[in-house]
file query_22.cif (mmCIF, C-alpha atoms)
data_model
#
loop_
_atom_site.label_atom_id
_atom_site.label_comp_id
_atom_site.auth_asym_id
_atom_site.auth_seq_id
_atom_site.Cartn_x
_atom_site.Cartn_y
_atom_site.Cartn_z
CA MET A 1 108.35 -281.09 126.24
CA ALA A 2 106.28 -281.02 129.42
CA ASP A 3 102.52 -280.91 129.05
CA MET A 4 101.51 -277.43 130.22
CA ARG A 5 97.78 -278.06 129.97
CA PRO A 6 95.91 -277.86 133.31
CA PRO A 7 94.65 -281.09 134.77
CA ARG A 8 91.10 -282.03 133.94
CA ASP A 9 89.99 -282.35 137.53
CA LEU A 10 90.49 -279.28 139.69
CA PRO A 11 90.16 -279.41 143.45
CA ASP A 12 87.25 -277.63 145.05
CA VAL A 13 89.18 -274.71 146.53
CA PRO A 14 86.91 -272.05 148.09
CA GLY A 15 87.59 -268.54 146.87
CA VAL A 16 89.63 -269.56 143.84
CA PRO A 17 88.15 -268.32 140.53
CA GLY A 18 87.32 -271.18 138.27
CA ALA A 19 86.76 -273.60 141.12
CA PRO A 20 83.35 -275.29 141.29
CA GLY A 21 80.85 -273.34 143.37
CA VAL A 22 82.81 -270.09 143.08
CA PRO A 23 81.50 -267.08 141.10
CA GLY A 24 83.16 -267.12 137.74
CA ALA A 25 83.25 -270.93 137.65
CA PRO A 26 81.72 -272.74 134.68
CA GLY A 27 77.99 -273.20 135.16
CA VAL A 28 77.72 -270.64 137.99
CA ARG A 29 76.71 -267.23 136.50
CA PRO A 30 74.33 -265.37 138.87
CA ARG A 31 76.23 -262.10 138.57
CA SER A 32 76.26 -262.32 134.79
CA ARG A 33 72.50 -262.70 134.68
CA PHE A 34 72.15 -259.70 136.99
CA GLY A 35 74.50 -257.66 134.82
CA ARG A 36 72.54 -258.52 131.69
CA SER A 37 69.29 -257.50 133.42
CA VAL A 38 70.76 -254.13 134.40
CA LYS A 39 72.00 -253.53 130.88
CA THR A 40 68.59 -254.42 129.46
CA VAL A 41 66.79 -252.03 131.80
CA LEU A 42 69.23 -249.21 131.00
CA LEU A 43 68.86 -249.85 127.28
CA LEU A 44 65.07 -249.76 127.54
CA LEU A 45 65.22 -246.50 129.49
CA LEU A 46 67.55 -245.01 126.89
CA LEU A 47 65.24 -246.07 124.06
CA ALA A 48 62.23 -244.63 125.90
CA TRP A 49 64.02 -241.31 126.42
CA LEU A 50 65.15 -241.17 122.78
CA SER A 51 61.61 -241.93 121.62
CA LEU A 52 60.18 -239.18 123.81
CA ALA A 53 62.83 -236.72 122.63
CA PHE A 54 62.10 -237.56 118.98
CA TRP A 55 58.36 -237.24 119.54
CA ASN A 56 58.74 -233.83 121.20
CA PHE A 57 60.88 -232.72 118.26
CA ALA A 58 58.85 -234.18 115.40
CA ARG A 59 55.25 -233.99 116.59
CA PRO A 60 53.02 -231.38 114.95
CA ARG A 61 52.63 -228.18 116.93
CA PRO A 62 49.17 -227.38 118.30
CA PRO A 63 47.31 -224.69 116.34
CA GLY A 64 47.96 -221.21 117.64
CA THR A 65 51.53 -221.94 118.74
CA HIS A 66 54.93 -220.75 117.45
CA VAL A 67 53.35 -217.46 116.40
CA VAL A 68 55.32 -214.69 114.73
CA SER A 69 52.95 -211.81 114.05
CA LEU A 70 53.51 -209.06 111.51
CA TRP A 71 55.12 -205.88 112.77
CA THR A 72 52.67 -203.23 113.99
CA ARG A 73 53.60 -199.55 114.19
CA LEU A 74 52.62 -197.93 117.51
CA ALA A 75 53.00 -194.61 119.26
CA ASP A 76 54.74 -194.20 122.61
CA SER A 77 51.38 -193.63 124.24
CA ASP A 78 50.16 -197.05 123.02
CA ILE A 79 52.65 -198.92 125.24
CA ASP A 80 53.15 -199.00 129.00
CA PHE A 81 56.04 -200.81 130.67
CA LEU A 82 54.64 -202.07 133.97
CA TYR A 83 56.12 -203.79 136.98
CA GLU A 84 54.96 -205.21 140.28
CA SER A 85 56.67 -204.88 143.64
CA PRO A 86 55.64 -204.52 147.28
CA GLN A 87 55.72 -200.75 146.75
CA HIS A 88 54.22 -200.60 143.25
CA SER A 89 51.13 -202.31 141.81
CA GLY A 90 51.21 -201.24 138.18
CA ILE A 91 50.34 -204.63 136.69
CA LEU A 92 47.43 -205.46 138.98
CA ALA A 93 45.90 -202.02 138.51
CA SER A 94 46.18 -202.22 134.71
CA GLU A 95 44.77 -205.73 134.64
CA SER A 96 41.76 -204.61 136.66
CA SER A 97 41.29 -201.61 134.36
CA ILE A 98 41.23 -203.84 131.27
CA ILE A 99 38.54 -206.06 132.82
CA ASP A 100 36.42 -203.12 134.04
CA ARG A 101 36.31 -201.44 130.60
CA ALA A 102 35.49 -204.49 128.46
CA GLU A 103 32.07 -204.62 126.81
CA GLU A 104 32.41 -207.34 124.15
CA LEU A 105 35.18 -209.87 124.83
CA ILE A 106 37.83 -210.77 127.41
CA VAL A 107 40.35 -213.53 126.72
CA LEU A 108 42.52 -214.40 129.70
CA ASP A 109 45.33 -216.98 129.89
CA ARG A 110 46.55 -217.47 133.48
CA SER A 111 48.23 -220.36 135.26
CA PRO A 112 47.67 -220.25 138.16
CA ILE A 113 44.78 -217.81 138.44
CA ALA A 114 44.48 -215.92 141.70
CA PRO A 115 41.14 -215.97 143.59
CA GLY A 116 41.02 -212.16 143.50
CA LEU A 117 41.16 -212.17 139.71
CA CYS A 118 38.34 -214.73 139.61
CA GLN A 119 36.20 -212.43 141.75
CA HIS A 120 36.97 -209.50 139.45
CA LEU A 121 35.85 -211.48 136.39
CA LEU A 122 32.66 -212.53 138.18
CA ALA A 123 31.84 -208.93 139.06
CA ARG A 124 32.29 -207.77 135.47
CA LYS A 125 30.19 -210.64 134.12
CA ARG A 126 27.36 -209.74 136.51
CA ALA A 127 27.58 -206.11 135.43
CA ARG A 128 27.68 -207.03 131.70
CA PRO A 129 25.82 -210.35 131.21
CA ASN A 130 26.38 -210.28 127.41
CA LEU A 131 30.13 -209.89 127.77
CA LYS A 132 31.95 -212.99 126.51
CA ILE A 133 34.79 -214.10 128.78
CA VAL A 134 37.18 -216.95 127.95
CA LEU A 135 39.63 -218.15 130.61
CA ILE A 136 42.40 -220.59 129.68
CA THR A 137 44.24 -222.16 132.60
CA ASP A 138 46.61 -225.10 132.99
CA LEU A 139 45.03 -228.10 134.68
CA GLY A 140 48.43 -228.98 136.16
CA ASP A 141 48.43 -225.86 138.31
CA GLU A 142 44.89 -226.60 139.44
CA THR A 143 45.92 -230.13 140.41
CA PHE A 144 48.67 -228.80 142.66
CA GLY A 145 46.23 -226.48 144.42
CA ALA A 146 47.28 -223.19 142.83
CA ALA A 147 43.81 -222.59 141.45
CA ARG A 148 41.19 -224.44 143.48
CA SER A 149 38.46 -226.00 141.41
CA GLN A 150 35.66 -224.22 143.28
CA TYR A 151 36.78 -220.89 141.85
CA LEU A 152 36.71 -222.25 138.32
CA GLU A 153 33.30 -223.82 138.90
CA SER A 154 31.92 -220.50 140.12
CA LEU A 155 33.13 -218.87 136.91
CA GLU A 156 31.45 -221.56 134.81
CA ARG A 157 28.17 -221.17 136.67
CA ALA A 158 28.25 -217.46 135.82
CA GLY A 159 28.54 -218.24 132.10
CA ILE A 160 32.27 -217.72 131.73
CA ILE A 161 33.98 -220.20 129.37
CA VAL A 162 36.71 -221.98 131.34
CA VAL A 163 39.17 -223.98 129.25
CA ARG A 164 41.05 -226.40 131.49
CA TRP A 165 44.19 -227.50 129.80
CA SER A 166 43.36 -231.01 128.63
CA HIS A 167 46.50 -232.11 126.80
CA MET A 168 48.98 -232.46 129.66
CA LEU A 169 50.26 -235.70 128.14
CA SER A 170 51.55 -233.65 125.23
CA SER A 171 54.23 -232.19 127.53
CA ASN A 172 53.07 -228.67 126.76
CA PRO A 173 52.47 -226.98 130.15
CA ASP A 174 50.82 -223.61 129.65
CA GLN A 175 52.97 -220.72 130.88
CA ARG A 176 51.32 -217.96 128.89
CA GLN A 177 50.36 -215.06 131.13
CA LEU A 178 48.22 -212.54 129.28
CA ILE A 179 44.90 -210.78 128.97
CA VAL A 180 43.34 -209.11 125.94
CA ALA A 181 40.00 -207.31 125.71
CA ASP A 182 38.11 -204.54 123.96
CA ASP A 183 38.28 -201.16 125.69
CA GLY A 184 34.58 -200.34 125.42
CA SER A 185 35.12 -197.61 122.83
CA GLY A 186 36.17 -199.49 119.69
CA GLY A 187 39.77 -200.15 120.65
CA TRP A 188 41.65 -203.09 122.15
CA ALA A 189 44.16 -203.52 124.96
CA SER A 190 46.57 -206.38 125.65
CA LEU A 191 48.66 -207.08 128.70
CA VAL A 192 51.45 -209.64 128.22
CA ASP A 193 52.92 -210.59 131.58
CA SER A 194 56.07 -212.34 132.73
CA GLY A 195 54.56 -214.07 135.77
CA SER A 196 51.31 -215.11 137.38
CA SER A 197 49.03 -212.94 139.47
CA GLN A 198 50.41 -214.61 142.60
CA ASN A 199 54.02 -213.59 141.88
CA LEU A 200 55.18 -210.34 143.41
CA GLY A 201 58.62 -208.78 143.30
CA GLY A 202 60.51 -208.32 140.04
CA ARG A 203 57.51 -209.14 137.86
CA ALA A 204 57.16 -207.00 134.73
CA ALA A 205 54.66 -206.68 131.87
CA LEU A 206 53.84 -204.74 128.73
CA MET A 207 50.44 -203.20 128.13
CA VAL A 208 49.90 -202.66 124.40
CA ARG A 209 46.94 -200.95 122.79
CA GLY A 210 45.98 -201.40 119.14
CA ARG A 211 45.96 -204.08 116.42
CA LEU A 212 48.49 -206.36 118.09
CA ALA A 213 45.50 -207.65 120.06
CA GLN A 214 44.14 -209.35 116.93
CA ASP A 215 47.08 -211.75 116.71
CA ILE A 216 46.94 -212.45 120.44
CA VAL A 217 43.20 -213.20 120.41
CA ALA A 218 43.49 -215.41 117.33
CA SER A 219 46.28 -217.47 118.88
CA GLU A 220 44.51 -217.86 122.22
CA LEU A 221 41.21 -218.93 120.68
CA GLN A 222 43.01 -221.56 118.59
CA ILE A 223 44.64 -222.89 121.76
CA ALA A 224 41.23 -222.94 123.44
CA ALA A 225 39.61 -224.80 120.53
CA TRP A 226 42.40 -227.39 120.65
CA SER A 227 41.77 -227.97 124.35
CA THR A 228 37.97 -228.06 124.45
CA ASP A 229 34.98 -228.76 122.25
CA ASP A 230 32.89 -225.99 123.84
CA ASP A 231 30.80 -224.56 120.99
CA ARG A 232 30.38 -221.23 122.80
CA LEU A 233 33.91 -220.13 121.87
CA PRO A 234 33.67 -216.86 119.90
CA ALA A 235 35.33 -216.15 116.59
CA ALA A 236 38.37 -213.90 116.57
CA PRO A 237 37.20 -210.30 115.96
CA GLN A 238 38.49 -208.29 113.03
CA MET A 239 40.44 -205.16 113.92
CA TYR A 240 41.09 -202.36 111.49
CA GLY A 241 43.21 -199.27 111.33
CA ARG A 242 46.84 -198.47 110.68
CA GLY A 243 49.08 -197.41 113.51
CA VAL A 244 51.44 -194.47 113.46
CA GLY A 245 54.40 -193.72 115.66
CA SER A 246 58.02 -194.68 116.22
CA VAL A 247 57.66 -198.09 117.91
CA ASP A 248 57.48 -201.39 116.02
CA ALA A 249 55.86 -204.28 117.91
CA ARG A 250 55.09 -207.92 117.25
CA PHE A 251 53.66 -210.86 119.20
CA LEU A 252 55.79 -213.99 119.58
CA THR A 253 55.16 -217.36 121.20
CA GLU A 254 57.09 -220.51 122.13
CA GLY A 255 60.18 -221.29 120.04
CA ALA A 256 59.72 -218.15 117.94
CA ILE A 257 60.76 -216.15 121.01
CA GLY A 258 64.08 -217.99 121.15
CA GLY A 259 64.73 -217.29 117.49
CA ALA A 260 64.09 -213.58 117.98
CA LEU A 261 66.43 -213.45 120.98
CA LEU A 262 69.21 -215.12 119.02
CA ASP A 263 68.77 -212.68 116.13
CA ALA A 264 68.99 -209.67 118.44
CA ILE A 265 72.07 -210.92 120.28
CA ALA A 266 73.72 -211.83 116.96
CA ALA A 267 73.41 -208.20 115.85
CA ALA A 268 75.16 -206.84 118.96
CA GLY A 269 78.80 -205.87 118.75
CA GLY A 270 81.30 -203.27 119.91
CA GLY A 271 79.64 -200.32 121.60
CA ASP A 272 76.35 -202.18 122.16
CA ARG A 273 74.96 -203.22 125.54
CA ILE A 274 72.93 -206.30 126.46
CA TYR A 275 70.76 -206.47 129.59
CA ILE A 276 69.14 -209.69 130.81
CA ALA A 277 66.86 -210.27 133.80
CA ALA A 278 65.62 -213.86 134.04
CA CYS A 279 64.63 -216.58 136.48
CA THR A 280 66.79 -219.14 134.68
CA LEU A 281 69.46 -218.92 131.99
CA SER A 282 70.50 -222.35 130.73
CA ASP A 283 69.77 -222.61 126.99
CA ARG A 284 73.04 -223.49 125.26
CA ARG A 285 72.25 -221.51 122.11
CA LEU A 286 71.66 -218.33 124.07
CA ILE A 287 74.80 -218.79 126.14
CA ALA A 288 76.86 -219.38 123.00
CA ALA A 289 75.31 -216.31 121.34
CA LEU A 290 76.14 -214.18 124.37
CA LEU A 291 79.75 -215.35 124.34
CA ARG A 292 80.05 -214.55 120.61
CA ALA A 293 78.58 -211.09 121.22
CA ALA A 294 81.09 -210.55 124.02
CA ALA A 295 83.90 -211.60 121.68
CA ARG A 296 82.71 -208.88 119.26
CA GLY A 297 82.96 -206.32 122.06
CA ALA A 298 79.36 -206.10 123.31
CA GLU A 299 78.98 -205.49 127.05
CA ALA A 300 76.45 -207.69 128.90
CA GLN A 301 74.87 -207.31 132.33
CA ILE A 302 72.96 -210.41 133.47
CA LEU A 303 70.68 -210.59 136.50
CA LEU A 304 69.67 -214.10 137.66
CA ASP A 305 68.04 -216.00 140.50
CA PRO A 306 70.75 -217.82 142.52
CA ASN A 307 68.25 -220.45 143.71
CA ARG A 308 67.66 -221.85 140.22
CA THR A 309 69.92 -224.90 139.76
CA PRO A 310 71.73 -224.05 136.50
CA ASN A 311 72.28 -220.34 137.11
CA PRO A 312 75.52 -220.41 139.15
CA ALA A 313 77.14 -222.83 136.68
CA ALA A 314 75.98 -220.88 133.62
CA ALA A 315 77.10 -217.61 135.22
CA GLY A 316 80.54 -219.04 135.91
CA GLU A 317 80.90 -220.08 132.29
CA LEU A 318 79.87 -216.66 131.00
CA LEU A 319 82.30 -214.88 133.29
CA ARG A 320 85.13 -217.31 132.53
CA ASP A 321 84.75 -217.18 128.75
CA GLY A 322 83.29 -213.69 128.31
CA GLY A 323 86.61 -211.92 128.00
CA GLY A 324 85.76 -209.36 130.67
CA HIS A 325 82.66 -208.17 128.78
CA VAL A 326 80.08 -210.03 130.94
CA ALA A 327 78.95 -209.10 134.46
CA VAL A 328 76.55 -211.17 136.58
CA ARG A 329 74.58 -210.27 139.70
CA TRP A 330 71.86 -212.01 141.70
CA ASN A 331 68.28 -211.29 142.79
CA PRO A 332 67.47 -207.70 143.62
CA ILE A 333 67.00 -207.17 147.34
CA GLY A 334 63.32 -207.53 148.27
CA GLY A 335 62.19 -210.38 146.04
CA PRO A 336 63.06 -212.86 143.29
CA ILE A 337 63.13 -212.08 139.59
CA ARG A 338 59.81 -213.06 138.01
CA THR A 339 60.46 -211.85 134.51
CA SER A 340 62.16 -212.82 131.27
CA LEU A 341 63.53 -209.58 129.89
CA LEU A 342 66.23 -209.01 127.29
CA ILE A 343 67.26 -205.54 126.16
CA VAL A 344 69.79 -204.71 123.46
CA ARG A 345 70.90 -201.06 123.26
CA HIS A 346 72.39 -200.24 119.87
CA ARG A 347 73.45 -196.61 119.56
CA ALA A 348 70.24 -194.55 119.56
CA ASP A 349 67.94 -197.57 119.22
CA LEU A 350 66.69 -200.12 121.74
CA TRP A 351 65.32 -203.62 121.17
CA MET A 352 63.35 -205.37 123.89
CA ASN A 353 61.68 -208.75 124.41
CA LEU A 354 59.51 -209.33 127.46
CA GLY A 355 57.29 -212.29 128.27
CA SER A 356 56.77 -215.51 130.17
CA ALA A 357 59.30 -217.71 128.31
CA ASP A 358 62.24 -218.44 130.56
CA PHE A 359 65.72 -218.68 129.02
CA THR A 360 65.78 -222.50 129.00
CA ARG A 361 65.70 -225.19 126.33
CA ARG A 362 62.15 -226.22 127.29
CA ASN A 363 60.89 -222.71 126.58
CA ARG A 364 62.99 -222.16 123.46
CA SER A 365 62.16 -225.48 121.79
CA ASP A 366 58.33 -225.39 121.73
CA LEU A 367 58.07 -227.74 124.73
CA ASN A 368 56.16 -225.21 126.86
CA LEU A 369 53.52 -222.68 125.89
CA ALA A 370 54.77 -219.12 126.44
CA ALA A 371 54.14 -215.66 125.01
CA GLY A 372 56.04 -212.41 124.64
CA VAL A 373 56.14 -209.04 122.93
CA GLU A 374 59.08 -207.72 120.93
CA LEU A 375 59.62 -203.97 120.59
CA ARG A 376 62.07 -202.02 118.43
CA MET A 377 62.14 -198.29 119.14
CA PRO A 378 64.27 -195.23 119.74
CA ALA A 379 66.09 -195.36 123.08
CA ARG A 380 64.39 -192.07 123.97
CA ALA A 381 60.88 -193.61 123.65
CA ALA A 382 58.91 -193.73 126.92
CA PRO A 383 58.68 -197.56 127.15
CA ALA A 384 62.40 -197.87 126.38
CA ARG A 385 63.32 -195.46 129.16
CA ALA A 386 60.95 -197.20 131.60
CA ALA A 387 62.45 -200.62 130.88
CA ALA A 388 66.01 -199.29 131.17
CA ASP A 389 65.18 -197.65 134.51
CA TYR A 390 63.59 -200.88 135.76
CA PHE A 391 66.71 -202.87 134.97
CA ALA A 392 69.08 -200.24 136.33
CA ASN A 393 67.20 -200.15 139.64
CA ALA A 394 67.19 -203.95 139.92
CA TRP A 395 70.90 -204.09 139.06
CA SER A 396 71.86 -201.49 141.67
CA ASN A 397 70.02 -203.44 144.39
CA ALA A 398 71.36 -206.86 143.38
CA ALA A 399 73.88 -209.05 145.19
CA GLY A 400 77.39 -209.37 143.77
CA TYR A 401 78.43 -212.44 141.81
CA ALA A 402 80.77 -213.80 144.50
CA GLU A 403 77.94 -214.16 147.03
CA TYR A 404 76.37 -217.14 145.24
CA ALA A 405 79.17 -218.24 142.91
CA ASP A 406 79.59 -221.97 142.24
CA GLU A 407 82.27 -222.74 139.65
CA SER A 408 82.69 -226.40 140.56
CA ALA A 409 82.92 -229.02 137.82
CA LEU A 410 80.10 -230.97 139.49
CA ALA A 411 77.66 -228.05 139.26
CA TYR A 412 78.60 -227.37 135.64
CA TRP A 413 78.27 -230.92 134.34
CA ARG A 414 75.11 -231.60 136.35
CA TYR A 415 73.48 -228.59 134.71
CA ARG A 416 74.73 -229.61 131.25
CA LEU A 417 73.35 -233.14 131.70
CA VAL A 418 69.84 -232.16 132.77
CA GLU A 419 69.64 -229.42 130.15
CA ALA A 420 70.72 -231.75 127.35
CA THR A 421 68.43 -234.61 128.36
CA GLY A 422 65.40 -232.49 129.14
CA LEU A 423 65.21 -234.02 132.62
CA SER A 424 65.43 -230.62 134.28
CA SER A 425 62.95 -229.68 136.99
CA TYR A 426 63.04 -226.03 135.92
CA TYR A 427 61.01 -224.58 133.05
#

call {"tool": "encode", "arguments": {"input": "query_22.cif", "output": "structure tokens"}}
result
Amino acid sequence: MADMRPPRDLPDVPGVPGAPGVPGAPGVRPRSRFGRSVKTVLLLLLLAWLSLAFWNFARPRPPGTHVVSLWTRLADSDIDFLYESPQHSGILASESSIIDRAEELIVLDRSPIAPGLCQHLLARKRARPNLKIVLITDLGDETFGAARSQYLESLERAGIIVVRWSHMLSSNPDQRQLIVADDGSGGWASLVDSGSSQNLGGRAALMVRGRLAQDIVASELQIAAWSTDDDRLPAAPQMYGRGVGSVDARFLTEGAIGGALLDAIAAAGGGDRIYIAACTLSDRRLIAALLRAAARGAEAQILLDPNRTPNPAAAGELLRDGGGHVAVRWNPIGGPIRTSLLIVRHRADLWMNLGSADFTRRNRSDLNLAAGVELRMPARAAPARAAADYFANAWSNAAGYAEYADESALAYWRYRLVEATGLSSYY
């Protein structure tokens, strides 16, 4: 039988694999070394990302976060649904009123804080030197120029306690937008907002009077104590009294907001209506809950910002899989949505959640600081009618789905990737 083994000495033939001096030849492995280096770098990046993801999941929450307050009974007159637009300044006027009436304590959480609001705080402090004022603001926004340091320094010189957010490395950017203060006559008022003082158009807020302020103050002062060692921080005041009325309210923060939203959507079925107005809708749990509610026969109207990366892809999925029970429109004419509002109408009752937590995984998984108020009330209650009118007006002035539709596979999988990995640029 012929010997089929190759000869021991091969000619040096350029371009022939296995020949000396040619990539792939024995002893010549530059590409292999490069490939191993790339694999090593990718593996290290993957391990770093997994470590960060585990840390964000397992690390202890800062004190004052993931708050679920007890239900408080309120009257219609204790709650105002407010909104801001070029034609209407309900939030700014109410915020100024809260500051002007305070005699004992103001706690304000704003990122960024507008110069006009700083001037208003300074004026009240000059008028009432014994008034304690605590301002909590995110250092990240200050760094990017949203709140120039000279304004904060002027507040500090006046005796106002300024808590610059000092734990940015914890990946907890502060998105809480609220103010709480005494009303000068033994009562308390809280304003929980969906956007900053610099955001106009589509911004909404709830002004709540009564004992709910105690839970808000306690949470904010714990956040402040975690971020600074300033020994001038006051103790949380005790508030007494029992509310009466037909509205149940509670204060929620961070991931507790997401849990409450899921519970409300899970209870919706045939004959119920769901209304959503949000900057961004990308959280997979919320999308899945909406699709299950649609399968049970609930009707959903969803108003989104078309300029937020995941929204067109998420909207396409909801319309495709919603069985005809989901409708989507885009920004109302005249300004972007600056709110996170969810309303569930169930027969004669209405449930509402309004606050600064966007409908994303970062906001629903305790990665950002955010706050909101949950209300359960008769649909005929004044705040329920005001919120329903607000949404109906925004919906009627919104652009149709087709104007910004993007149902491409690329848009869908890009959004799924950044949402799953946490590498999204949206909050």

call {"tool": "closest_residue", "arguments": {"input": "query_22.cif", "among": "A:Arg164, A:Arg242, A:Arg273, A:Arg101", "to": "Trp226 in chain A", "atoms": "all atoms listed in the file"}}
result
A:Arg164

call {"tool": "atom_distance", "arguments": {"input": "query_22.cif", "atom1": "CA of Gly271 in chain A", "atom2": "CA of Ala382 in chain A"}}
result
22.4 Å

call {"tool": "resolve_selection", "arguments": {"input": "query_22.cif", "expression": "the PyMOL selection byres ((chain A and resi 213) around 8)", "output": "list in words"}}
result
Val180, Ala181, Trp188, Ala189, Ser190, Val208, Arg209, Gly210, Arg211, Leu212, Gln214, Asp215, Ile216 and Val217 of chain A

call {"tool": "residues_near_point", "arguments": {"input": "query_22.cif", "point": "(53.6, -221.8, 122.9)", "cutoff": "6 Å", "atoms": "all atoms listed in the file", "output": "number ranges by chain"}}
result
A: 65-66, 253-254, 368-370

call {"tool": "residues_around", "arguments": {"input": "query_22.cif", "residues": "range 79-91 of chain A", "least_positions_apart": "5", "cutoff": "10 Å", "atoms": "all atoms listed in the file", "output": "number ranges by chain"}}
result
A: 74, 96-97, 189-195, 197, 199-210, 247, 249, 334-335, 338-339, 354, 375, 381-387, 390

call {"tool": "resolve_selection", "arguments": {"input": "query_22.cif", "expression": "the PyMOL selection byres ((chain A and resi 379) around 10)", "output": "PyMOL selection string"}}
result
chain A and resi 345-351+376-378+380-385+388

call {"tool": "residues_around", "arguments": {"input": "query_22.cif", "residues": "Ile223 in chain A", "least_positions_apart": "6", "cutoff": "9 Å", "atoms": "all atoms listed in the file", "output": "PDB file with C-alpha atoms, in the frame of the given file"}}
result
ATOM      1  CA  PRO A  62      49.170-227.380 118.300  1.00  0.00           C
ATOM      2  CA  PRO A  63      47.310-224.690 116.340  1.00  0.00           C
ATOM      3  CA  GLY A  64      47.960-221.210 117.640  1.00  0.00           C
ATOM      4  CA  THR A  65      51.530-221.940 118.740  1.00  0.00           C
ATOM      5  CA  ILE A 136      42.400-220.590 129.680  1.00  0.00           C
TER       6      ILE A 136
END

call {"tool": "resolve_selection", "arguments": {"input": "query_22.cif", "expression": "the PyMOL selection byres ((chain A and resi 400) around 12)", "output": "list in words"}}
result
Gln301, Ile302, Leu303, Leu304, Asp305, Pro306, Ala315, Ala327, Val328, Arg329, Trp330, Asn331, Pro332, Ile333, Trp395, Ser396, Asn397, Ala398, Ala399, Tyr401, Ala402, Glu403, Tyr404 and Ala405 of chain A

call {"tool": "atom_distance", "arguments": {"input": "query_22.cif", "atom1": "CA of Gly372 in chain A", "atom2": "CA of Ala357 in chain A"}}
result
7.2 Å

call {"tool": "atom_distance", "arguments": {"input": "query_22.cif", "atom1": "CA of Gly269 in chain A", "atom2": "CA of Val344 in chain A"}}
result
10.2 Å

call {"tool": "residues_around", "arguments": {"input": "query_22.cif", "residues": "range 413-417 of chain A", "least_positions_apart": "6", "cutoff": "12 Å", "atoms": "only C-alpha atoms", "output": "JSON, numbers by chain"}}
result
{"A": [280, 281, 282, 283, 284, 287, 308, 309, 310, 311, 312, 313, 314, 315, 316, 317, 360, 361, 406, 407, 423, 424, 425, 426]}

call {"tool": "write_last_selection", "arguments": {"input": "query_22.cif", "atoms": "C-alpha atoms", "output": "PDB file, keeping the file's coordinate frame"}}
result
ATOM      1  CA  THR A 280      66.790-219.140 134.680  1.00  0.00           C
ATOM      2  CA  LEU A 281      69.460-218.920 131.990  1.00  0.00           C
ATOM      3  CA  SER A 282      70.500-222.350 130.730  1.00  0.00           C
ATOM      4  CA  ASP A 283      69.770-222.610 126.990  1.00  0.00           C
ATOM      5  CA  ARG A 284      73.040-223.490 125.260  1.00  0.00           C
ATOM      6  CA  ILE A 287      74.800-218.790 126.140  1.00  0.00           C
ATOM      7  CA  ARG A 308      67.660-221.850 140.220  1.00  0.00           C
ATOM      8  CA  THR A 309      69.920-224.900 139.760  1.00  0.00           C
ATOM      9  CA  PRO A 310      71.730-224.050 136.500  1.00  0.00           C
ATOM     10  CA  ASN A 311      72.280-220.340 137.110  1.00  0.00           C
ATOM     11  CA  PRO A 312      75.520-220.410 139.150  1.00  0.00           C
ATOM     12  CA  ALA A 313      77.140-222.830 136.680  1.00  0.00           C
ATOM     13  CA  ALA A 314      75.980-220.880 133.620  1.00  0.00           C
ATOM     14  CA  ALA A 315      77.100-217.610 135.220  1.00  0.00           C
ATOM     15  CA  GLY A 316      80.540-219.040 135.910  1.00  0.00           C
ATOM     16  CA  GLU A 317      80.900-220.080 132.290  1.00  0.00           C
ATOM     17  CA  THR A 360      65.780-222.500 129.000  1.00  0.00           C
ATOM     18  CA  ARG A 361      65.700-225.190 126.330  1.00  0.00           C
ATOM     19  CA  ASP A 406      79.590-221.970 142.240  1.00  0.00           C
ATOM     20  CA  GLU A 407      82.270-222.740 139.650  1.00  0.00           C
ATOM     21  CA  LEU A 423      65.210-234.020 132.620  1.00  0.00           C
ATOM     22  CA  SER A 424      65.430-230.620 134.280  1.00  0.00           C
ATOM     23  CA  SER A 425      62.950-229.680 136.990  1.00  0.00           C
ATOM     24  CA  TYR A 426      63.040-226.030 135.920  1.00  0.00           C
TER      25      TYR A 426
END

call {"tool": "residues_near_point", "arguments": {"input": "query_22.cif", "point": "(63.0, -226.4, 121.9)", "cutoff": "9 Å", "atoms": "all atoms listed in the file", "output": "compact mmCIF listing (two decimals) with C-alpha atoms, in the frame of the given file"}}
result
# COMPACT_ATOMS: atom_id res chain seq x y z
CA ASN A 56 58.74 -233.83 121.20
CA PHE A 57 60.88 -232.72 118.26
CA GLU A 254 57.09 -220.51 122.13
CA GLY A 255 60.18 -221.29 120.04
CA GLY A 258 64.08 -217.99 121.15
CA THR A 360 65.78 -222.50 129.00
CA ARG A 361 65.70 -225.19 126.33
CA ARG A 362 62.15 -226.22 127.29
CA ASN A 363 60.89 -222.71 126.58
CA ARG A 364 62.99 -222.16 123.46
CA SER A 365 62.16 -225.48 121.79
CA ASP A 366 58.33 -225.39 121.73
CA LEU A 367 58.07 -227.74 124.73
CA ASN A 368 56.16 -225.21 126.86

call {"tool": "residues_around", "arguments": {"input": "query_22.cif", "residues": "Val163 in chain A", "least_positions_apart": "3", "cutoff": "12 Å", "atoms": "only C-alpha atoms", "output": "PyMOL selection string"}}
result
chain A and resi 107-111+133-139+142+152-153+155-156+160+166-167+174+220-233
